[in-house]
>>> print(open('query30.csv').read())   # CSV, C-alpha atoms and all ligand atoms
chain,number,residue,atom,x,y,z
A,1,SER,CA,42.9,71.1,-115.0
A,2,THR,CA,46.6,70.1,-115.4
A,3,GLY,CA,48.8,68.6,-118.0
A,4,PRO,CA,50.7,70.0,-121.0
A,5,LEU,CA,49.0,72.6,-123.2
A,6,VAL,CA,49.2,71.1,-126.7
A,7,LEU,CA,47.9,72.3,-130.1
A,8,GLY,CA,47.2,69.5,-132.6
A,9,ILE,CA,46.8,69.8,-136.4
A,10,GLU,CA,45.0,67.2,-138.6
A,11,SER,CA,45.0,67.3,-142.4
A,12,SER,CA,45.3,63.7,-143.6
A,13,CYS,CA,42.1,63.6,-145.6
A,14,ASP,CA,39.3,66.1,-146.2
A,15,GLU,CA,38.9,67.7,-142.7
A,16,THR,CA,41.2,70.6,-141.6
A,17,GLY,CA,41.2,70.1,-137.9
A,18,VAL,CA,42.9,72.1,-135.2
A,19,GLY,CA,42.5,71.2,-131.5
A,20,VAL,CA,43.9,72.5,-128.3
A,21,VAL,CA,44.0,70.3,-125.1
A,22,ARG,CA,45.4,70.7,-121.6
A,23,GLY,CA,46.3,67.2,-120.7
A,24,ARG,CA,43.1,65.2,-121.4
A,25,GLU,CA,40.8,68.2,-121.5
A,26,VAL,CA,39.6,69.6,-124.8
A,27,LEU,CA,39.8,73.4,-124.9
A,28,ALA,CA,39.0,73.7,-128.6
A,29,ASN,CA,38.3,71.4,-131.5
A,30,VAL,CA,37.7,73.4,-134.7
A,31,ILE,CA,37.0,71.6,-138.0
A,32,ALA,CA,36.7,73.0,-141.5
A,33,SER,CA,35.7,70.4,-144.0
A,34,SER,CA,35.9,70.3,-147.8
A,35,VAL,CA,33.4,67.5,-147.8
A,36,ASP,CA,30.8,69.5,-149.7
A,37,GLU,CA,33.3,70.3,-152.4
A,38,GLN,CA,34.4,66.6,-152.5
A,39,ALA,CA,30.7,65.4,-152.7
A,40,ARG,CA,30.4,66.9,-156.2
A,41,TYR,CA,33.0,64.3,-157.3
A,42,GLY,CA,31.6,61.4,-155.3
A,43,GLY,CA,34.8,61.0,-153.3
A,44,VAL,CA,38.0,62.7,-152.1
A,45,VAL,CA,40.1,64.2,-154.8
A,46,PRO,CA,43.6,64.6,-153.3
A,47,GLU,CA,44.5,67.8,-155.2
A,48,ILE,CA,41.3,69.5,-154.1
A,49,ALA,CA,41.8,68.3,-150.5
A,50,ALA,CA,45.3,69.8,-150.4
A,51,ARG,CA,44.1,73.1,-151.8
A,52,ALA,CA,41.2,73.3,-149.4
A,53,HIS,CA,43.6,72.6,-146.4
A,54,LEU,CA,45.8,75.5,-147.6
A,55,GLU,CA,42.8,77.9,-147.6
A,56,ALA,CA,41.3,76.6,-144.3
A,57,MET,CA,44.5,76.2,-142.3
A,58,ARG,CA,45.1,79.7,-141.1
A,59,PRO,CA,41.5,80.6,-140.2
A,60,THR,CA,41.1,77.2,-138.4
A,61,LEU,CA,44.3,77.7,-136.5
A,62,GLU,CA,43.2,81.2,-135.4
A,63,ARG,CA,39.8,80.1,-134.5
A,64,ALA,CA,41.1,77.2,-132.3
A,65,LEU,CA,43.4,79.5,-130.4
A,66,GLU,CA,40.6,82.0,-129.9
A,67,VAL,CA,38.2,79.3,-128.7
A,68,ALA,CA,40.8,77.9,-126.3
A,69,GLY,CA,41.7,81.4,-125.1
A,70,VAL,CA,45.4,80.8,-125.5
A,71,GLY,CA,48.3,82.3,-127.6
A,72,ILE,CA,51.0,80.3,-129.3
A,73,THR,CA,53.6,81.3,-126.7
A,74,ASP,CA,51.5,79.6,-124.0
A,75,LEU,CA,51.7,76.2,-125.7
A,76,ASP,CA,54.0,73.4,-124.3
A,77,ALA,CA,54.1,71.6,-127.7
A,78,VAL,CA,52.6,71.3,-131.1
A,79,ALA,CA,51.5,67.9,-132.6
A,80,VAL,CA,50.6,67.1,-136.2
A,81,THR,CA,49.4,64.1,-138.2
A,82,ALA,CA,52.5,62.9,-140.1
A,83,GLY,CA,50.5,59.9,-141.7
A,84,PRO,CA,48.9,57.8,-142.9
A,85,GLY,CA,46.8,59.8,-145.4
A,86,LEU,CA,47.0,61.7,-148.6
A,87,ALA,CA,50.6,63.0,-149.1
A,88,GLY,CA,49.7,66.4,-150.4
A,89,ALA,CA,47.0,67.0,-147.7
A,90,LEU,CA,49.4,65.9,-145.0
A,91,MET,CA,52.1,68.3,-146.2
A,92,VAL,CA,49.9,71.3,-145.6
A,93,GLY,CA,49.4,70.4,-142.0
A,94,VAL,CA,53.0,69.4,-141.4
A,95,GLY,CA,54.2,72.6,-143.1
A,96,ALA,CA,51.9,74.7,-140.9
A,97,ALA,CA,53.0,72.9,-137.7
A,98,LYS,CA,56.7,73.3,-138.5
A,99,ALA,CA,56.2,77.0,-139.1
A,100,LEU,CA,54.3,77.4,-135.9
A,101,ALA,CA,56.8,75.4,-133.9
A,102,VAL,CA,59.8,77.4,-135.3
A,103,THR,CA,58.1,80.7,-134.7
A,104,ALA,CA,56.9,80.0,-131.2
A,105,ARG,CA,60.0,77.9,-130.4
A,106,LYS,CA,58.0,74.8,-129.3
A,107,PRO,CA,58.7,71.1,-129.5
A,108,LEU,CA,57.0,69.4,-132.4
A,109,TYR,CA,55.6,65.9,-132.6
A,110,GLY,CA,54.7,64.2,-135.9
A,111,VAL,CA,52.2,61.6,-134.9
A,112,ASN,CA,50.3,58.6,-136.3
A,113,HIS,CA,46.7,59.5,-137.2
A,114,LEU,CA,45.4,56.0,-136.4
A,115,VAL,CA,46.9,56.1,-132.8
A,116,GLY,CA,45.1,59.4,-132.6
A,117,HIS,CA,41.8,57.7,-133.3
A,118,VAL,CA,42.5,55.1,-130.7
A,119,THR,CA,43.4,57.6,-128.0
A,120,ALA,CA,40.4,60.0,-128.8
A,121,ASP,CA,38.1,58.4,-126.2
A,122,GLN,CA,40.2,59.5,-123.3
A,123,LEU,CA,39.6,63.1,-123.9
A,124,HIS,CA,36.9,65.0,-122.1
A,125,GLY,CA,35.2,68.4,-122.2
A,126,ALA,CA,35.6,71.2,-119.8
A,127,GLY,CA,34.1,70.4,-116.4
A,128,GLU,CA,33.6,66.7,-117.3
A,129,GLU,CA,35.1,63.8,-115.5
A,130,ALA,CA,38.4,62.4,-116.8
A,131,ARG,CA,37.8,59.1,-118.6
A,132,PRO,CA,41.0,57.0,-118.4
A,133,VAL,CA,41.1,53.9,-120.5
A,134,GLU,CA,42.0,50.7,-118.7
A,135,LEU,CA,44.7,48.6,-120.4
A,136,PRO,CA,45.1,46.2,-122.0
A,137,THR,CA,42.1,46.7,-124.3
A,138,VAL,CA,41.0,45.4,-127.7
A,139,ALA,CA,40.4,48.3,-130.1
A,140,LEU,CA,38.4,48.3,-133.3
A,141,LEU,CA,39.6,51.1,-135.7
A,142,VAL,CA,37.1,51.7,-138.5
A,143,SER,CA,37.6,54.7,-140.8
A,144,GLY,CA,37.6,55.6,-144.5
A,145,GLY,CA,41.1,54.2,-144.9
A,146,HIS,CA,41.4,51.5,-142.3
A,147,THR,CA,39.6,48.6,-140.6
A,148,SER,CA,41.9,47.1,-138.0
A,149,LEU,CA,41.5,45.1,-134.9
A,150,LEU,CA,44.2,45.8,-132.3
A,151,LEU,CA,45.3,44.6,-129.0
A,152,VAL,CA,46.5,47.7,-127.1
A,153,ARG,CA,48.7,47.1,-124.1
A,154,GLY,CA,50.3,50.6,-124.1
A,155,LEU,CA,48.7,53.5,-126.0
A,156,VAL,CA,52.0,55.0,-127.1
A,157,ASP,CA,54.2,52.1,-128.0
A,158,ASP,CA,52.6,48.7,-127.5
A,159,VAL,CA,49.9,48.0,-130.1
A,160,GLU,CA,49.5,44.5,-131.6
A,161,LEU,CA,47.7,44.1,-134.9
A,162,LEU,CA,45.3,41.2,-134.6
A,163,GLY,CA,43.7,41.6,-138.1
A,164,GLU,CA,42.7,44.1,-140.7
A,165,THR,CA,40.8,44.4,-143.9
A,166,LEU,CA,42.1,42.5,-147.0
A,167,ASP,CA,40.4,44.9,-149.4
A,168,ASP,CA,38.1,47.9,-148.8
A,169,ALA,CA,38.0,49.7,-145.4
A,170,ALA,CA,34.6,49.8,-143.7
A,171,GLY,CA,34.1,53.5,-144.4
A,172,GLU,CA,35.1,53.0,-148.0
A,173,ALA,CA,32.5,50.2,-148.3
A,174,PHE,CA,29.9,52.8,-147.0
A,175,ASP,CA,31.1,55.4,-149.5
A,176,LYS,CA,31.2,53.0,-152.5
A,177,THR,CA,27.8,51.5,-151.7
A,178,ALA,CA,26.2,54.9,-151.3
A,179,ARG,CA,27.5,55.8,-154.7
A,180,LEU,CA,25.9,52.6,-156.1
A,181,LEU,CA,22.6,53.6,-154.6
A,182,GLY,CA,22.9,57.1,-155.9
A,183,LEU,CA,23.3,58.6,-152.4
A,184,ALA,CA,25.7,61.5,-151.6
A,185,TYR,CA,29.3,61.3,-150.3
A,186,PRO,CA,30.3,60.7,-147.5
A,187,GLY,CA,28.4,57.4,-147.7
A,188,GLY,CA,28.1,56.7,-143.9
A,189,PRO,CA,25.7,59.4,-143.0
A,190,SER,CA,23.8,59.1,-146.3
A,191,ILE,CA,23.3,55.3,-145.7
A,192,ASP,CA,22.3,56.0,-142.1
A,193,ARG,CA,19.6,58.4,-143.3
A,194,ALA,CA,18.4,56.1,-146.0
A,195,ALA,CA,18.2,53.2,-143.6
A,196,VAL,CA,15.9,54.9,-141.2
A,197,ASP,CA,12.8,53.3,-142.6
A,198,GLY,CA,14.4,50.3,-144.2
A,199,ASP,CA,14.2,46.6,-143.0
A,200,PRO,CA,17.7,45.3,-142.0
A,201,ALA,CA,16.5,41.8,-142.5
A,202,ALA,CA,15.1,42.4,-146.0
A,203,ILE,CA,18.2,41.1,-147.8
A,204,ARG,CA,20.7,38.7,-146.4
A,205,PHE,CA,24.0,40.2,-147.7
A,206,PRO,CA,27.3,38.3,-147.2
A,207,ARG,CA,29.3,38.6,-144.0
A,208,GLY,CA,32.9,38.5,-145.3
A,209,LEU,CA,35.5,36.1,-143.9
A,210,THR,CA,33.1,34.6,-141.3
A,211,ALA,CA,32.8,31.1,-142.9
A,212,ALA,CA,34.3,28.1,-141.1
A,213,LYS,CA,37.1,27.9,-143.7
A,214,ASP,CA,38.2,31.4,-142.8
A,215,ARG,CA,38.3,30.7,-139.0
A,216,GLU,CA,42.0,29.8,-139.0
A,217,ARG,CA,43.9,32.3,-141.1
A,218,HIS,CA,41.4,35.2,-141.3
A,219,ARG,CA,39.8,35.0,-137.9
A,220,PHE,CA,40.3,38.7,-137.2
A,221,ASP,CA,40.5,39.9,-140.8
A,222,PHE,CA,37.8,41.7,-142.7
A,223,SER,CA,36.7,41.8,-146.4
A,224,PHE,CA,34.0,44.1,-147.7
A,225,SER,CA,34.5,43.7,-151.5
A,226,GLY,CA,32.1,40.7,-151.7
A,227,LEU,CA,29.4,42.7,-149.9
A,228,LYS,CA,29.9,45.6,-152.3
A,229,THR,CA,29.5,43.2,-155.3
A,230,ALA,CA,26.4,41.7,-153.8
A,231,VAL,CA,24.8,45.1,-153.4
A,232,ALA,CA,25.8,45.9,-157.0
A,233,ARG,CA,24.1,42.7,-158.3
A,234,HIS,CA,21.1,43.4,-156.2
A,235,VAL,CA,20.8,46.9,-157.7
A,236,GLU,CA,21.2,45.5,-161.2
A,237,ARG,CA,18.5,42.8,-160.7
A,238,ALA,CA,16.1,45.3,-159.1
A,239,GLU,CA,16.3,47.6,-162.2
A,240,GLY,CA,13.9,50.5,-161.6
A,241,ASP,CA,12.2,48.8,-158.6
A,242,LEU,CA,14.8,49.4,-155.9
A,243,ALA,CA,13.8,49.6,-152.3
A,244,ILE,CA,16.7,51.8,-151.3
A,245,GLY,CA,15.8,51.9,-147.6
A,246,ASP,CA,15.9,48.1,-147.4
A,247,VAL,CA,19.2,47.8,-149.3
A,248,ALA,CA,20.8,50.5,-147.1
A,249,ALA,CA,19.5,49.0,-143.8
A,250,SER,CA,20.5,45.4,-144.9
A,251,PHE,CA,24.0,46.6,-146.1
A,252,ARG,CA,24.6,48.5,-142.9
A,253,GLU,CA,23.5,45.4,-140.8
A,254,ALA,CA,26.0,43.2,-142.7
A,255,VAL,CA,28.9,45.6,-142.0
A,256,VAL,CA,27.9,46.1,-138.3
A,257,ASP,CA,27.3,42.4,-137.7
A,258,VAL,CA,30.8,41.5,-138.9
A,259,LEU,CA,32.6,44.3,-137.1
A,260,VAL,CA,30.9,43.6,-133.8
A,261,THR,CA,31.1,39.8,-134.0
A,262,LYS,CA,34.9,39.8,-134.8
A,263,ALA,CA,35.7,42.5,-132.2
A,264,LEU,CA,33.9,40.5,-129.4
A,265,ASP,CA,35.5,37.3,-130.6
A,266,ALA,CA,38.9,39.0,-130.2
A,267,CYS,CA,37.9,40.0,-126.6
A,268,ARG,CA,37.0,36.5,-125.8
A,269,GLU,CA,40.1,34.9,-127.4
A,270,THR,CA,42.6,37.3,-125.9
A,271,GLY,CA,40.8,37.2,-122.5
A,272,VAL,CA,40.6,41.0,-122.5
A,273,PRO,CA,37.0,42.0,-121.5
A,274,ARG,CA,37.4,45.6,-122.8
A,275,LEU,CA,36.6,47.0,-126.2
A,276,LEU,CA,37.5,50.5,-127.5
A,277,LEU,CA,36.0,51.8,-130.8
A,278,GLY,CA,37.6,54.5,-132.9
A,279,GLY,CA,37.4,56.1,-136.4
A,280,GLY,CA,34.8,57.8,-138.5
A,281,VAL,CA,32.5,54.8,-139.0
A,282,VAL,CA,32.0,54.8,-135.2
A,283,ALA,CA,29.7,57.8,-135.8
A,284,ASN,CA,27.3,55.1,-137.1
A,285,ARG,CA,24.2,54.8,-134.9
A,286,ARG,CA,23.5,51.2,-135.7
A,287,LEU,CA,27.1,50.2,-134.9
A,288,ARG,CA,27.0,52.1,-131.6
A,289,ASP,CA,23.7,50.4,-130.6
A,290,VAL,CA,24.6,46.8,-131.7
A,291,ALA,CA,28.1,47.1,-130.1
A,292,ALA,CA,26.5,48.3,-126.8
A,293,GLU,CA,23.9,45.5,-126.8
A,294,ARG,CA,26.2,42.7,-127.6
A,295,ALA,CA,29.1,43.9,-125.4
A,296,ALA,CA,26.8,44.1,-122.4
A,297,ALA,CA,25.6,40.5,-123.2
A,298,ALA,CA,29.2,39.3,-123.4
A,299,GLY,CA,30.3,41.0,-120.2
A,300,VAL,CA,32.7,43.3,-122.2
A,301,GLN,CA,33.2,46.9,-121.1
A,302,LEU,CA,32.7,49.1,-124.1
A,303,ARG,CA,34.2,52.6,-124.8
A,304,ILE,CA,32.8,54.7,-127.6
A,305,PRO,CA,34.1,58.3,-128.2
A,306,PRO,CA,31.5,61.1,-128.5
A,307,PHE,CA,30.4,61.8,-132.1
A,308,ASP,CA,32.7,64.8,-132.7
A,309,LEU,CA,35.8,62.9,-131.6
A,310,CYS,CA,35.0,59.9,-133.9
A,311,THR,CA,35.6,61.5,-137.3
A,312,ASP,CA,38.9,63.3,-138.1
A,313,ASN,CA,39.7,66.1,-135.8
A,314,GLY,CA,42.6,68.1,-134.3
A,315,ALA,CA,41.8,67.4,-130.6
A,316,MET,CA,42.7,63.7,-130.9
A,317,ILE,CA,46.1,64.7,-132.4
A,318,ALA,CA,46.7,67.3,-129.7
A,319,GLY,CA,45.6,64.7,-127.1
A,320,LEU,CA,48.1,62.2,-128.4
A,321,GLY,CA,50.8,64.9,-128.4
A,322,ALA,CA,50.0,65.6,-124.7
A,323,ARG,CA,50.5,61.9,-123.9
A,324,LEU,CA,53.9,61.9,-125.6
A,325,VAL,CA,55.0,65.0,-123.6
A,326,ASP,CA,53.8,63.3,-120.4
A,327,ALA,CA,55.6,60.1,-121.4
A,328,GLY,CA,58.8,62.0,-121.9
A,329,VAL,CA,59.1,61.1,-125.5
A,330,ALA,CA,61.6,63.2,-127.5
A,331,PRO,CA,60.1,65.5,-130.1
A,332,SER,CA,60.4,64.6,-133.8
A,333,GLY,CA,63.6,65.8,-135.6
A,334,ALA,CA,63.4,69.1,-137.4
A,335,GLY,CA,63.5,67.4,-140.8
A,336,PHE,CA,60.7,64.8,-140.4
A,337,GLY,CA,58.4,64.4,-143.4
A,338,VAL,CA,55.0,62.9,-144.1
A,339,ASP,CA,54.4,59.2,-144.5
A,340,SER,CA,51.3,58.4,-146.3
A,341,THR,CA,51.5,54.7,-145.6
A,342,LEU,CA,52.5,54.8,-141.9
A,343,PRO,CA,51.3,51.5,-140.3
B,1,LIG,O1,38.0,58.7,-139.6
B,1,LIG,P1,37.4,59.4,-140.7
B,1,LIG,O2,36.8,60.8,-140.5
B,1,LIG,O3,38.5,59.7,-141.8
B,1,LIG,C1,39.5,58.7,-142.1
B,1,LIG,O4,40.5,58.7,-141.4
B,1,LIG,O5,39.2,57.9,-143.1
B,1,LIG,O6,36.4,58.4,-141.4
B,1,LIG,C2,35.7,58.8,-142.6
B,1,LIG,C3,34.8,57.6,-143.0
B,1,LIG,C4,34.1,57.8,-144.3
B,1,LIG,O7,34.3,56.7,-145.1
B,1,LIG,C5,32.6,58.0,-143.9
B,1,LIG,O8,31.7,57.4,-144.8
B,1,LIG,C6,32.6,57.2,-142.6
B,1,LIG,O9,33.8,57.4,-142.0
B,1,LIG,N1,31.5,57.6,-141.8
B,1,LIG,C7,30.5,56.8,-141.4
B,1,LIG,C8,29.5,57.6,-140.7
B,1,LIG,N2,30.0,58.8,-140.6
B,1,LIG,C9,31.2,58.8,-141.3
B,1,LIG,N3,30.3,55.5,-141.7
B,1,LIG,C10,29.1,54.9,-141.3
B,1,LIG,N4,28.2,55.6,-140.6
B,1,LIG,C11,28.3,56.9,-140.3
B,1,LIG,N5,27.4,57.6,-139.6
B,2,ZN,ZN,40.6,59.2,-139.6
>>> encode(input="query30.csv", output="structure tokens")
Amino acid sequence: STGPLVLGIESSCDETGVGVVRGREVLANVIASSVDEQARYGGVVPEIAARAHLEAMRPTLERALEVAGVGITDLDAVAVTAGPGLAGALMVGVGAAKALAVTARKPLYGVNHLVGHVTADQLHGAGEEARPVELPTVALLVSGGHTSLLLVRGLVDDVELLGETLDDAAGEAFDKTARLLGLAYPGGPSIDRAAVDGDPAAIRFPRGLTAAKDRERHRFDFSFSGLKTAVARHVERAEGDLAIGDVAASFREAVVDVLVTKALDACRETGVPRLLLGGGVVANRRLRDVAAERAAAAGVQLRIPPFDLCTDNGAMIAGLGARLVDAGVAPSGAGFGVDSTLP
């Protein structure tokens, strides 16, 4: 295949990811996670995440180059997540990327993690068909740190924010609710497992910002704190007699219902019949199924990345780097830093 050969480094949260792409083709996507260590604390501890990145960075880098079958001198560019994320964690990736770029004399791109999530779906494996995304498209970005509805006209530089969460991110809601139910971190997969034999209609949990009075100002915004409180009250009332499967399934249904409803409303109102999903929460089975069902009914073309490209990974960062090279964008200046609150 053709296109620039780019290595991408991701270290914004608790996954150390290094990916190598040629154009849109993924040659390697290696991930080391400190999630087991974080699970003992019920969430991500920034200091532990940063130390874990430092330990995992070199082996992950070496493994990615080995899997891709390339050396650093072969690369056309290096890309790294510059933000948003945990500052200490980001610094490990940016430090490694700068050292690599200096040593191998390669252009370096500091990129936005969130744009990486949105562009992940265009990547494809060896021998697979290219999957170009048709623009404009509505994009729903749902991760541990973000819940945003976007209108994407140009993947690199023309993204309009339609709405976002006013409090917790969707992934955060999964993580906090899991903790309430005594389930392990990260909450998304735990709740998915617990919900398997639960009844999604057992409890009618609130759908944040969907009331008529929110139609005007918060049409495309999200709120999950009321849902979290409702689950907490339910758990208190149930005392020892808690049907965890039903609570997990009903909670998940409430989150998925709001996400899909608002995303499809955005497609209708913008007149853009395309929807792209990105971010860790898109690994959720129920979200994938409900989105597929309702998008088909609404005549909306739906794009969902494969599982391993949904959660944090280096290939999406490499892929975004390759797009920047292709677009002729100048590399980042030598002194660029991390920005934990990059929009
Ligand atoms: O994109 P990501 O890997 O990291 C961030 O950029 O935040 O997303 C992590 C989030 C966590 O909150 C995790 O609970 C959630 O994605 N997640 C899921 C699932 N797998 C991961 N949420 C719901 N269902 C899942 N199966
Ligand atoms: Zn992410």
>>> closest_residue(input="query30.csv", among="A:Arg237, A:His218, A:His117, A:Arg294", to="ligand ZN 2 (chain B)", atoms="all atoms listed in the file")
A:His117
>>> residues_near_ligand(input="query30.csv", ligand="ligand ZN 2 (chain B)", cutoff="8 Å", atoms="all atoms listed in the file", output="list in words")
Ser12, Cys13, His113, Leu114, His117, Ser143, Gly144, Gly145, Gly279, Gly280, Thr311, Asp312 and Asn313 of chain A
>>> closest_residue(input="query30.csv", among="A:Val94, A:Ile48, A:Val6, A:Leu264", to="A:Phe336", atoms="all atoms listed in the file")
A:Val94
>>> residues_around(input="query30.csv", residues="A:Leu324", least_positions_apart="5", cutoff="10 Å", atoms="all atoms listed in the file", output="NGL selection string")
:A and (4 or 77 or 79 or 109 or 111 or 155-156 or 318-319 or 329-331)
>>> closest_atom_pairs(input="query30.csv", of="chain A", to="ligand LIG 1 (chain B)", cutoff="9 Å", atoms="only C-alpha atoms and all ligand atoms", output="tab-separated table")
residue	atom	partner	partner_atom	distance
A:Ser12	CA	B:LIG1	O4	7.3
A:Cys13	CA	B:LIG1	O3	6.5
A:Asp14	CA	B:LIG1	O3	7.8
A:Glu15	CA	B:LIG1	O2	7.5
A:Pro84	CA	B:LIG1	O4	8.6
A:Gly85	CA	B:LIG1	O4	7.5
A:His113	CA	B:LIG1	O4	7.5
A:Leu114	CA	B:LIG1	O4	7.5
A:His117	CA	B:LIG1	O1	7.4
A:Leu141	CA	B:LIG1	O1	8.7
A:Val142	CA	B:LIG1	O1	7.1
A:Ser143	CA	B:LIG1	O6	3.9
A:Gly144	CA	B:LIG1	O5	3.1
A:Gly145	CA	B:LIG1	O5	4.5
A:His146	CA	B:LIG1	O5	6.8
A:Ala169	CA	B:LIG1	O7	7.9
A:Ala170	CA	B:LIG1	O7	7.0
A:Gly171	CA	B:LIG1	O7	3.3
A:Glu172	CA	B:LIG1	O7	4.8
A:Ala173	CA	B:LIG1	O7	7.5
A:Phe174	CA	B:LIG1	O8	5.4
A:Asp175	CA	B:LIG1	O8	5.1
A:Lys176	CA	B:LIG1	O7	8.8
A:Ala178	CA	B:LIG1	O8	8.9
A:Tyr185	CA	B:LIG1	O8	7.2
A:Pro186	CA	B:LIG1	O8	4.5
A:Gly187	CA	B:LIG1	O8	4.4
A:Gly188	CA	B:LIG1	C10	3.3
A:Pro189	CA	B:LIG1	N5	4.2
A:Ser190	CA	B:LIG1	N5	7.8
A:Ile191	CA	B:LIG1	N4	7.1
A:Asp192	CA	B:LIG1	N5	5.9
A:Arg193	CA	B:LIG1	N5	8.7
A:Arg252	CA	B:LIG1	C10	8.0
A:Gly278	CA	B:LIG1	O1	7.9
A:Gly279	CA	B:LIG1	O1	4.2
A:Gly280	CA	B:LIG1	O6	3.4
A:Val281	CA	B:LIG1	N3	3.6
A:Val282	CA	B:LIG1	C11	6.6
A:Ala283	CA	B:LIG1	N5	4.4
A:Asn284	CA	B:LIG1	N5	3.5
A:Arg285	CA	B:LIG1	N5	6.3
A:Arg286	CA	B:LIG1	N4	8.1
A:Leu287	CA	B:LIG1	N4	7.9
A:Cys310	CA	B:LIG1	O1	6.6
A:Thr311	CA	B:LIG1	O2	3.5
A:Asp312	CA	B:LIG1	O2	4.1
A:Asn313	CA	B:LIG1	O2	7.7
>>> closest_residue(input="query30.csv", among="A:Gly271, A:Glu37, A:Val290, A:Phe205", to="A:Ala254", atoms="all atoms listed in the file")
A:Phe205
>>> residues_around(input="query30.csv", residues="stretch 20-32 of chain A", least_positions_apart="6", cutoff="7 Å", atoms="all atoms listed in the file", output="PyMOL selection string")
chain A and resi 2-8+56+60+64+67-68+122-126+313-315+318-319+322
>>> residues_near_point(input="query30.csv", point="(61.1, 71.3, -130.6)", cutoff="12 Å", atoms="only C-alpha atoms", output="ChimeraX atom specification")
/A:75-79,97-110,325,329-336
>>> closest_residue(input="query30.csv", among="A:Val300, A:Ile203, A:Leu161, A:Leu181", to="A:Gly42", atoms="only C-alpha atoms")
A:Leu181
>>> atom_distance(input="query30.csv", atom1="atom CA of A:Asp339", atom2="atom CA of A:Gly163")
21.6 Å
>>> closest_residue(input="query30.csv", among="A:Leu162, A:Met316, A:Val196, A:Ile304", to="A:Ala263", atoms="only C-alpha atoms")
A:Leu162
>>> atom_distance(input="query30.csv", atom1="atom CA of A:Ser34", atom2="atom CA of A:Glu55")
10.3 Å
>>> closest_residue(input="query30.csv", among="A:Leu342, A:Ala238, A:Leu54, A:Leu277", to="A:Gln301", atoms="all atoms listed in the file")
A:Leu277
>>> atom_distance(input="query30.csv", atom1="atom CA of A:Leu61", atom2="atom CA of A:Ser33")
13.5 Å
>>> residues_around(input="query30.csv", residues="A:Leu151", least_positions_apart="5", cutoff="8 Å", atoms="only C-alpha atoms", output="MDAnalysis selection string")
chainID A and resid 136:139 159:162
>>> residues_around(input="query30.csv", residues="A:Ala292", least_positions_apart="4", cutoff="7 Å", atoms="all atoms listed in the file", output="list in words")
Arg288, Ala296 and Leu302 of chain A
>>> write_last_selection(input="query30.csv", atoms="C-alpha atoms", output="PDB file, in the coordinates of the input")
ATOM      1  CA  ARG A 288      27.000  52.100-131.600  1.00  0.00           C
ATOM      2  CA  ALA A 296      26.800  44.100-122.400  1.00  0.00           C
ATOM      3  CA  LEU A 302      32.700  49.100-124.100  1.00  0.00           C
TER       4      LEU A 302
END
>>> residues_around(input="query30.csv", residues="A:Val258", least_positions_apart="4", cutoff="9 Å", atoms="all atoms listed in the file", output="list in words")
Arg207, Gly208, Leu209, Thr210, Phe222, Glu253, Ala254, Lys262 and Ala263 of chain A
